[in-house]
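Coordinates from input.csv are shown below (CSV, N, CA and C atoms).
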chain,number,residue,atom,x,y,z
Z,1,MET,N,-18.9,-18.4,-16.4
Z,1,MET,CA,-18.3,-19.3,-15.5
Z,1,MET,C,-18.4,-18.6,-14.1
Z,2,ASN,N,-18.7,-19.4,-13.1
Z,2,ASN,CA,-18.8,-18.8,-11.7
Z,2,ASN,C,-17.4,-18.9,-11.1
Z,3,THR,N,-17.2,-18.1,-10.0
Z,3,THR,CA,-16.0,-18.0,-9.3
Z,3,THR,C,-15.5,-19.3,-8.8
Z,4,LYS,N,-16.4,-20.1,-8.2
Z,4,LYS,CA,-16.0,-21.4,-7.6
Z,4,LYS,C,-15.4,-22.3,-8.6
Z,5,LEU,N,-16.1,-22.3,-9.8
Z,5,LEU,CA,-15.6,-23.2,-10.9
Z,5,LEU,C,-14.3,-22.8,-11.4
Z,6,ILE,N,-14.1,-21.5,-11.5
Z,6,ILE,CA,-12.8,-21.0,-11.9
Z,6,ILE,C,-11.7,-21.4,-10.9
Z,7,LEU,N,-12.0,-21.2,-9.6
Z,7,LEU,CA,-11.0,-21.6,-8.6
Z,7,LEU,C,-10.7,-23.1,-8.7
Z,8,VAL,N,-11.7,-23.9,-8.8
Z,8,VAL,CA,-11.4,-25.4,-8.9
Z,8,VAL,C,-10.6,-25.7,-10.1
Z,9,VAL,N,-10.9,-25.1,-11.2
Z,9,VAL,CA,-10.1,-25.3,-12.5
Z,9,VAL,C,-8.6,-24.8,-12.3
Z,10,LEU,N,-8.5,-23.7,-11.7
Z,10,LEU,CA,-7.1,-23.1,-11.4
Z,10,LEU,C,-6.3,-24.1,-10.5
Z,11,ILE,N,-6.9,-24.6,-9.4
Z,11,ILE,CA,-6.2,-25.5,-8.5
Z,11,ILE,C,-5.9,-26.8,-9.2
Z,12,ALA,N,-6.8,-27.3,-10.0
Z,12,ALA,CA,-6.6,-28.5,-10.8
Z,12,ALA,C,-5.4,-28.4,-11.7
Z,13,LEU,N,-5.3,-27.2,-12.4
Z,13,LEU,CA,-4.2,-27.0,-13.3
Z,13,LEU,C,-2.9,-26.9,-12.6
Z,14,ILE,N,-2.9,-26.2,-11.4
Z,14,ILE,CA,-1.7,-26.1,-10.6
Z,14,ILE,C,-1.2,-27.5,-10.1
Z,15,VAL,N,-2.2,-28.3,-9.7
Z,15,VAL,CA,-1.8,-29.6,-9.2
Z,15,VAL,C,-1.2,-30.4,-10.4
Z,16,GLY,N,-1.9,-30.3,-11.5
Z,16,GLY,CA,-1.4,-31.1,-12.7
Z,16,GLY,C,0.0,-30.6,-13.2
Z,17,ALA,N,0.2,-29.3,-13.1
Z,17,ALA,CA,1.5,-28.8,-13.5
Z,17,ALA,C,2.6,-29.0,-12.5
Z,18,GLY,N,2.3,-28.9,-11.3
Z,18,GLY,CA,3.4,-28.8,-10.3
Z,18,GLY,C,3.3,-29.9,-9.2
Z,19,GLY,N,2.3,-30.7,-9.2
Z,19,GLY,CA,2.2,-31.7,-8.1
Z,19,GLY,C,1.6,-31.2,-6.9
Z,20,GLY,N,1.3,-32.0,-6.0
Z,20,GLY,CA,0.6,-31.7,-4.7
Z,20,GLY,C,1.5,-31.1,-3.7
Z,21,TYR,N,1.0,-30.5,-2.7
Z,21,TYR,CA,1.8,-29.8,-1.7
Z,21,TYR,C,2.4,-30.7,-0.7
Z,22,ALA,N,1.9,-31.9,-0.5
Z,22,ALA,CA,2.4,-32.8,0.5
Z,22,ALA,C,3.3,-33.8,-0.1
Z,23,VAL,N,4.6,-33.7,0.4
Z,23,VAL,CA,5.6,-34.7,-0.1
Z,23,VAL,C,6.2,-35.3,1.2
Z,24,ALA,N,6.1,-36.6,1.3
Z,24,ALA,CA,6.6,-37.3,2.5
Z,24,ALA,C,8.1,-37.4,2.4
Z,25,SER,N,8.8,-37.0,3.5
Z,25,SER,CA,10.2,-37.1,3.5
Z,25,SER,C,10.6,-38.6,3.7
Z,26,SER,N,11.7,-38.9,3.1
Z,26,SER,CA,12.2,-40.3,3.3
Z,26,SER,C,13.5,-40.1,4.2
Z,27,LYS,N,13.5,-40.9,5.2
Z,27,LYS,CA,14.6,-40.9,6.2
Z,27,LYS,C,15.8,-41.8,5.7
Z,28,SER,N,15.5,-42.6,4.6
Z,28,SER,CA,16.5,-43.6,4.2
Z,28,SER,C,17.6,-43.0,3.4
Z,29,ALA,N,17.3,-41.9,2.7
Z,29,ALA,CA,18.3,-41.3,1.8
Z,29,ALA,C,18.1,-39.8,1.6
Z,30,PRO,N,19.1,-39.0,1.7
Z,30,PRO,CA,18.9,-37.5,1.5
Z,30,PRO,C,18.4,-37.2,0.1
Z,31,ASN,N,17.7,-36.1,0.0
Z,31,ASN,CA,17.2,-35.6,-1.3
Z,31,ASN,C,16.3,-36.6,-2.1
Z,32,GLN,N,15.8,-37.6,-1.4
Z,32,GLN,CA,14.8,-38.5,-2.0
Z,32,GLN,C,13.5,-38.3,-1.3
Z,33,ARG,N,12.4,-38.3,-2.1
Z,33,ARG,CA,11.1,-38.2,-1.5
Z,33,ARG,C,10.2,-39.3,-2.0
Z,34,MET,N,9.2,-39.6,-1.1
Z,34,MET,CA,8.2,-40.6,-1.5
Z,34,MET,C,7.0,-39.9,-1.9
Z,35,MET,N,6.5,-40.2,-3.1
Z,35,MET,CA,5.2,-39.6,-3.6
Z,35,MET,C,4.0,-40.1,-2.8
Z,36,PRO,N,3.2,-39.2,-2.3
Z,36,PRO,CA,2.0,-39.7,-1.6
Z,36,PRO,C,1.1,-40.4,-2.7
Z,37,ASP,N,0.2,-41.3,-2.2
Z,37,ASP,CA,-0.7,-41.9,-3.1
Z,37,ASP,C,-1.8,-40.9,-3.5
Z,38,ALA,N,-2.5,-41.3,-4.6
Z,38,ALA,CA,-3.5,-40.4,-5.2
Z,38,ALA,C,-4.6,-40.0,-4.1
Z,39,GLY,N,-5.0,-41.0,-3.3
Z,39,GLY,CA,-6.0,-40.7,-2.2
Z,39,GLY,C,-5.5,-39.7,-1.2
Z,40,SER,N,-4.2,-39.8,-0.9
Z,40,SER,CA,-3.6,-38.8,0.0
Z,40,SER,C,-3.6,-37.4,-0.5
Z,41,MET,N,-3.2,-37.3,-1.8
Z,41,MET,CA,-3.2,-36.0,-2.4
Z,41,MET,C,-4.6,-35.4,-2.5
Z,42,HIS,N,-5.5,-36.3,-2.9
Z,42,HIS,CA,-6.9,-35.8,-3.0
Z,42,HIS,C,-7.4,-35.3,-1.7
Z,43,GLY,N,-7.1,-36.0,-0.6
Z,43,GLY,CA,-7.5,-35.6,0.7
Z,43,GLY,C,-6.9,-34.3,1.1
Z,44,GLN,N,-5.7,-34.1,0.8
Z,44,GLN,CA,-5.0,-32.8,1.1
Z,44,GLN,C,-5.6,-31.7,0.3
Z,45,MET,N,-5.9,-31.9,-1.0
Z,45,MET,CA,-6.6,-30.9,-1.8
Z,45,MET,C,-8.0,-30.6,-1.2
Z,46,SER,N,-8.7,-31.6,-0.8
Z,46,SER,CA,-10.0,-31.5,-0.2
Z,46,SER,C,-9.9,-30.6,1.1
Z,47,ASP,N,-8.9,-30.9,1.9
Z,47,ASP,CA,-8.6,-30.1,3.1
Z,47,ASP,C,-8.4,-28.6,2.8
Z,48,MET,N,-7.6,-28.4,1.8
Z,48,MET,CA,-7.4,-27.0,1.3
Z,48,MET,C,-8.7,-26.3,0.9
Z,49,MET,N,-9.5,-27.0,0.1
Z,49,MET,CA,-10.7,-26.5,-0.3
Z,49,MET,C,-11.7,-26.2,0.8
Z,50,THR,N,-11.7,-27.1,1.8
Z,50,THR,CA,-12.5,-27.0,3.0
Z,50,THR,C,-12.1,-25.7,3.8
Z,51,GLY,N,-10.8,-25.4,3.8
Z,51,GLY,CA,-10.3,-24.2,4.4
Z,51,GLY,C,-10.8,-22.9,3.8
Z,52,LEU,N,-11.2,-23.0,2.5
Z,52,LEU,CA,-11.7,-21.9,1.7
Z,52,LEU,C,-13.2,-21.8,1.8
Z,53,SER,N,-13.9,-22.9,2.1
Z,53,SER,CA,-15.3,-22.9,2.1
Z,53,SER,C,-16.0,-21.9,2.9
Z,54,GLY,N,-17.0,-21.2,2.4
Z,54,GLY,CA,-17.8,-20.2,3.1
Z,54,GLY,C,-17.1,-18.9,3.3
Z,55,LYS,N,-15.9,-18.8,2.8
Z,55,LYS,CA,-15.2,-17.5,3.0
Z,55,LYS,C,-15.4,-16.6,1.7
Z,56,THR,N,-15.4,-15.3,2.0
Z,56,THR,CA,-15.4,-14.4,0.9
Z,56,THR,C,-14.6,-13.2,1.2
Z,57,GLY,N,-14.3,-12.3,0.2
Z,57,GLY,CA,-13.6,-11.1,0.5
Z,57,GLY,C,-12.2,-11.3,1.1
Z,58,ASP,N,-11.8,-10.5,2.1
Z,58,ASP,CA,-10.5,-10.6,2.7
Z,58,ASP,C,-10.3,-12.0,3.3
Z,59,ASP,N,-11.3,-12.5,4.0
Z,59,ASP,CA,-11.2,-13.8,4.6
Z,59,ASP,C,-10.8,-14.9,3.6
Z,60,PHE,N,-11.4,-14.8,2.4
Z,60,PHE,CA,-11.1,-15.8,1.4
Z,60,PHE,C,-9.7,-15.5,0.9
Z,61,ASP,N,-9.4,-14.3,0.6
Z,61,ASP,CA,-8.1,-14.0,0.0
Z,61,ASP,C,-6.9,-14.4,1.0
Z,62,LYS,N,-7.1,-14.1,2.3
Z,62,LYS,CA,-6.1,-14.5,3.2
Z,62,LYS,C,-5.9,-16.0,3.2
Z,63,ALA,N,-7.0,-16.8,3.3
Z,63,ALA,CA,-6.9,-18.2,3.3
Z,63,ALA,C,-6.3,-18.8,2.0
Z,64,PHE,N,-6.8,-18.2,0.9
Z,64,PHE,CA,-6.3,-18.6,-0.4
Z,64,PHE,C,-4.8,-18.4,-0.5
Z,65,LEU,N,-4.3,-17.3,-0.1
Z,65,LEU,CA,-2.8,-17.0,-0.2
Z,65,LEU,C,-2.1,-18.0,0.7
Z,66,SER,N,-2.6,-18.1,1.9
Z,66,SER,CA,-1.9,-19.0,2.9
Z,66,SER,C,-1.8,-20.5,2.3
Z,67,GLU,N,-2.9,-21.0,1.8
Z,67,GLU,CA,-2.9,-22.4,1.3
Z,67,GLU,C,-2.1,-22.5,0.1
Z,68,MET,N,-2.1,-21.5,-0.8
Z,68,MET,CA,-1.3,-21.6,-2.1
Z,68,MET,C,0.2,-21.5,-1.8
Z,69,ILE,N,0.6,-20.7,-0.8
Z,69,ILE,CA,2.0,-20.6,-0.5
Z,69,ILE,C,2.5,-22.0,-0.1
Z,70,VAL,N,1.7,-22.7,0.8
Z,70,VAL,CA,2.1,-24.0,1.2
Z,70,VAL,C,2.1,-25.0,0.0
Z,71,HIS,N,1.0,-24.9,-0.8
Z,71,HIS,CA,0.9,-25.8,-2.0
Z,71,HIS,C,2.1,-25.6,-2.9
Z,72,HIS,N,2.4,-24.4,-3.2
Z,72,HIS,CA,3.5,-24.1,-4.1
Z,72,HIS,C,4.8,-24.5,-3.5
Z,73,GLY,N,5.0,-24.4,-2.2
Z,73,GLY,CA,6.2,-24.8,-1.5
Z,73,GLY,C,6.4,-26.3,-1.7
Z,74,GLY,N,5.3,-27.1,-1.6
Z,74,GLY,CA,5.3,-28.5,-1.8
Z,74,GLY,C,5.8,-28.9,-3.3
Z,75,ALA,N,5.2,-28.1,-4.2
Z,75,ALA,CA,5.6,-28.3,-5.6
Z,75,ALA,C,7.1,-28.0,-5.8
Z,76,VAL,N,7.6,-27.0,-5.2
Z,76,VAL,CA,9.0,-26.7,-5.3
Z,76,VAL,C,9.9,-27.8,-4.7
Z,77,GLU,N,9.4,-28.3,-3.6
Z,77,GLU,CA,10.1,-29.4,-2.9
Z,77,GLU,C,10.2,-30.7,-3.8
Z,78,MET,N,9.0,-31.0,-4.4
Z,78,MET,CA,9.0,-32.1,-5.3
Z,78,MET,C,9.9,-31.9,-6.5
Z,79,ALA,N,9.9,-30.7,-7.0
Z,79,ALA,CA,10.7,-30.4,-8.2
Z,79,ALA,C,12.2,-30.5,-7.9
Z,80,GLU,N,12.6,-30.0,-6.6
Z,80,GLU,CA,14.0,-30.2,-6.2
Z,80,GLU,C,14.4,-31.7,-6.2
Z,81,ALA,N,13.5,-32.5,-5.7
Z,81,ALA,CA,13.7,-33.9,-5.7
Z,81,ALA,C,13.9,-34.5,-7.1
Z,82,ALA,N,13.1,-33.9,-8.0
Z,82,ALA,CA,13.2,-34.4,-9.4
Z,82,ALA,C,14.5,-34.0,-10.0
Z,83,LEU,N,15.0,-32.8,-9.7
Z,83,LEU,CA,16.4,-32.4,-10.2
Z,83,LEU,C,17.4,-33.4,-9.8
Z,84,VAL,N,17.3,-34.0,-8.6
Z,84,VAL,CA,18.3,-34.9,-8.2
Z,84,VAL,C,18.1,-36.4,-8.7
Z,85,ASN,N,16.8,-36.7,-8.8
Z,85,ASN,CA,16.5,-38.2,-8.9
Z,85,ASN,C,15.9,-38.6,-10.3
Z,86,ALA,N,15.5,-37.6,-11.1
Z,86,ALA,CA,14.8,-38.0,-12.3
Z,86,ALA,C,15.8,-38.5,-13.4
Z,87,LYS,N,15.3,-39.5,-14.1
Z,87,LYS,CA,16.1,-40.1,-15.2
Z,87,LYS,C,16.1,-39.2,-16.5
Z,88,HIS,N,14.9,-38.7,-16.8
Z,88,HIS,CA,14.7,-38.0,-18.1
Z,88,HIS,C,15.0,-36.5,-18.0
Z,89,GLU,N,15.8,-36.0,-18.9
Z,89,GLU,CA,16.1,-34.6,-19.0
Z,89,GLU,C,14.9,-33.7,-19.0
Z,90,GLU,N,13.9,-34.2,-19.7
Z,90,GLU,CA,12.6,-33.4,-19.8
Z,90,GLU,C,12.0,-33.2,-18.5
Z,91,ILE,N,12.1,-34.1,-17.6
Z,91,ILE,CA,11.5,-34.0,-16.2
Z,91,ILE,C,12.4,-33.0,-15.5
Z,92,ARG,N,13.7,-33.1,-15.6
Z,92,ARG,CA,14.6,-32.2,-14.9
Z,92,ARG,C,14.4,-30.7,-15.4
Z,93,LYS,N,14.2,-30.6,-16.7
Z,93,LYS,CA,13.9,-29.2,-17.2
Z,93,LYS,C,12.6,-28.7,-16.7
Z,94,MET,N,11.5,-29.6,-16.7
Z,94,MET,CA,10.2,-29.1,-16.1
Z,94,MET,C,10.4,-28.8,-14.6
Z,95,ALA,N,11.1,-29.6,-13.9
Z,95,ALA,CA,11.3,-29.3,-12.5
Z,95,ALA,C,12.0,-28.0,-12.3
Z,96,SER,N,13.0,-27.7,-13.1
Z,96,SER,CA,13.7,-26.4,-13.0
Z,96,SER,C,12.7,-25.2,-13.3
Z,97,ASP,N,11.8,-25.4,-14.3
Z,97,ASP,CA,10.8,-24.4,-14.7
Z,97,ASP,C,9.8,-24.2,-13.5
Z,98,ILE,N,9.4,-25.3,-12.9
Z,98,ILE,CA,8.5,-25.3,-11.8
Z,98,ILE,C,9.1,-24.5,-10.6
Z,99,ILE,N,10.4,-24.8,-10.3
Z,99,ILE,CA,11.1,-24.1,-9.2
Z,99,ILE,C,11.1,-22.6,-9.5
Z,100,SER,N,11.5,-22.2,-10.7
Z,100,SER,CA,11.6,-20.8,-11.0
Z,100,SER,C,10.2,-20.1,-11.0
Z,101,ALA,N,9.2,-20.7,-11.6
Z,101,ALA,CA,7.9,-20.1,-11.7
Z,101,ALA,C,7.2,-20.0,-10.3
Z,102,GLN,N,7.2,-21.1,-9.6
Z,102,GLN,CA,6.5,-21.2,-8.3
Z,102,GLN,C,7.2,-20.4,-7.2
Z,103,THR,N,8.5,-20.4,-7.3
Z,103,THR,CA,9.3,-19.6,-6.3
Z,103,THR,C,8.9,-18.1,-6.5
Z,104,ARG,N,8.8,-17.7,-7.7
Z,104,ARG,CA,8.4,-16.3,-8.0
Z,104,ARG,C,7.0,-16.0,-7.6
Z,105,GLU,N,6.1,-17.0,-7.8
Z,105,GLU,CA,4.7,-16.8,-7.4
Z,105,GLU,C,4.6,-16.8,-5.8
Z,106,ILE,N,5.4,-17.6,-5.1
Z,106,ILE,CA,5.3,-17.6,-3.7
Z,106,ILE,C,5.7,-16.2,-3.2
Z,107,GLN,N,6.8,-15.7,-3.8
Z,107,GLN,CA,7.2,-14.3,-3.3
Z,107,GLN,C,6.1,-13.3,-3.6
Z,108,GLN,N,5.5,-13.4,-4.8
Z,108,GLN,CA,4.4,-12.4,-5.1
Z,108,GLN,C,3.3,-12.5,-4.0
Z,109,MET,N,2.9,-13.8,-3.7
Z,109,MET,CA,1.8,-13.9,-2.7
Z,109,MET,C,2.2,-13.4,-1.3
Z,110,LYS,N,3.5,-13.7,-0.9
Z,110,LYS,CA,4.0,-13.2,0.3
Z,110,LYS,C,4.0,-11.6,0.3
Z,111,ASP,N,4.4,-11.0,-0.8
Z,111,ASP,CA,4.3,-9.6,-0.9
Z,111,ASP,C,2.9,-9.0,-0.7
Z,112,TRP,N,1.9,-9.7,-1.4
Z,112,TRP,CA,0.5,-9.3,-1.2
Z,112,TRP,C,0.1,-9.4,0.2
Z,113,GLN,N,0.4,-10.6,0.9
Z,113,GLN,CA,0.1,-10.7,2.3
Z,113,GLN,C,0.6,-9.6,3.1
Z,114,LYS,N,1.8,-9.2,2.9
Z,114,LYS,CA,2.4,-8.1,3.7
Z,114,LYS,C,1.8,-6.8,3.4
Z,115,ALA,N,1.6,-6.5,2.1
Z,115,ALA,CA,1.0,-5.2,1.7
Z,115,ALA,C,-0.5,-5.1,2.1
Z,116,TRP,N,-1.3,-6.2,2.0
Z,116,TRP,CA,-2.7,-6.1,2.3
Z,116,TRP,C,-3.1,-6.3,3.7
Z,117,TYR,N,-2.3,-7.2,4.4
Z,117,TYR,CA,-2.7,-7.7,5.7
Z,117,TYR,C,-1.6,-7.5,6.8
Z,118,GLY,N,-0.5,-7.0,6.4
Z,118,GLY,CA,0.6,-6.8,7.3
Z,118,GLY,C,1.2,-8.1,7.8
Z,119,GLU,N,1.0,-9.1,7.1
Z,119,GLU,CA,1.6,-10.5,7.5
Z,119,GLU,C,2.9,-10.7,6.9
Represent the supplied structure as structure tokens.
Amino acid sequence: MNTKLILVVLIALIVGAGGGYAVASSKSAPNQRMMPDAGSMHGQMSDMMTGLSGKTGDDFDKAFLSEMIVHHGGAVEMAEAALVNAKHEEIRKMASDIISAQTREIQQMKDWQKAWYGE
């Protein structure tokens, strides 16, 4: 399997498990979010992939970490909305798991940024 295919599969799994990074804020009620349509999420993922295009080595790693931190942050935001608004306990449980896992991953990526690039 080549590296690009692995990356695409990884991102697809993250999106499937945690949702997209862009969540539109609703001004009508606190703690409620409007889900972007599928075309919007696809466009945002495409933009993320474009930001990685042609990069290798440290340039790729820096861009990847930056995009994934934003992406995971969006998933955490969506999961927080699910904790407040979801009907099914299974969704609230998954949201809690997403918050825990992706918050931990965000911190790991920030630690790598600081250690490797002083960011």
For the atom pair atom CA of Z:Phe60 and atom N of Z:Lys114, what is the interatomic distance in Å to one decimal place?
14.6 Å
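In this model, the gap between atom CA of Z:Ser53 and atom CA of Z:Val70 comes to 17.5 Å.
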Between atom C of Z:Ala79 and atom CA of Z:Arg92, what is the spacing in Å?
7.6 Å
